[in-house]
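Notes for the one structure printed next.
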2 protein chains.
Amino acid sequence: MIFEIAAIEVKQGLEEEFERRVAEALGLFCRAKGYRSLSLERSIEAPSRYLLMVGWDNIDDHLVGFRESQDFQAWRALVGHLFAAPPRVEHVVTVLNEKEAAGHPV
Amino acid sequence: MIFEIAAIEVKQGLEEEFERRVAEALGLFCRAKGYRSLSLERSIEAPSRYLLMVGWDNIDDHLVGFRESQDFQAWRALVGHLFAAPPRVEHVVTVLNEKEAAGHPV
């Protein structure tokens, strides 16, 4: 499993609309092949900045399966006009997770 | 609850040592007031880059309680010499979490 992390700067004043539209778009992600989880994190220091974290079985499920799908076009149609700049996307693998090690899944 | 997200660039070739030392340092975080969880994520695109994500009850548990503690000094003594640059730290709050909404905690 890997995580896509997209850093998204939203146009000022449109943060609530962005959050509402991400919630509306959940189904587009949930039905994608290899989808595992999604969370949206909002920066405290810069409240127009968000991190969208999506868990996928592997990186191709994101970069090929989802990105080349019509659902990706629908996702961008929902939120793309709210972006202040192109999102910066990276992928990570978890190498240590204390919640699991301690047996306290959150 | 909030998350501290520290972006850490590790000196090339010292990634395994860094991961080992973060595992050794877990106890320093776990006993801190307000500590909730810790995960270490490694970038796929830039394998010397890590995201350390620590869950805290609130931002002061990190910036005051932990940062001003002797355990923070011990943490930096364990890993600080492996940093290629000062970490960039931000704090986020979760505004949407599909795992919870769907009733499938991971």
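Following the order of the structure tokens, first chain is A, next is B, and so on, with residues numbered from 1 inside each chain and ligands from 1 in the order they appear.
All of the residues in chain A within 8 Å of chain B are Glu19, Ala23, Leu26, Ser37, Leu38, Ser39, Leu40, Glu41, Arg42, Ser43, Ile44, Glu45, Glu90, His91, Val92, Val93, Thr94, Val95, Leu96, Asn97, Glu98, Lys99, Pro105 and Val106 of chain A, where only C-alpha atoms were counted.
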message = Taking 4 positions as the minimum chain separation for residues in the same chain, which residues sit within 9 Å of stretch 63-78 of chain A when counting only C-alpha atoms? Answer as a list in words.
response = Phe18, Arg21, Val22, Glu24, Ala25, Leu28, Phe29, Ala32, Lys33, Gly34, Ile59 and Leu82 of chain A
query = as a ChimeraX atom specification, which residues of chain A does DSSP assign to alpha helix (DSSP H)?
reply = /A:15-30,59-60,70-79,98-101
inquiry  = Taking the DSSP secondary structure from the backbone, can you list the residues of stretch 4-106 of chain B that are strand (DSSP E or B), as a ChimeraX atom specification?
reply    = /B:4-10,35-43,49-56,83,88-97
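Taking atom CA of B:Asp57 and atom CA of B:Arg88 as the two end points, the separation is 20.6 Å.
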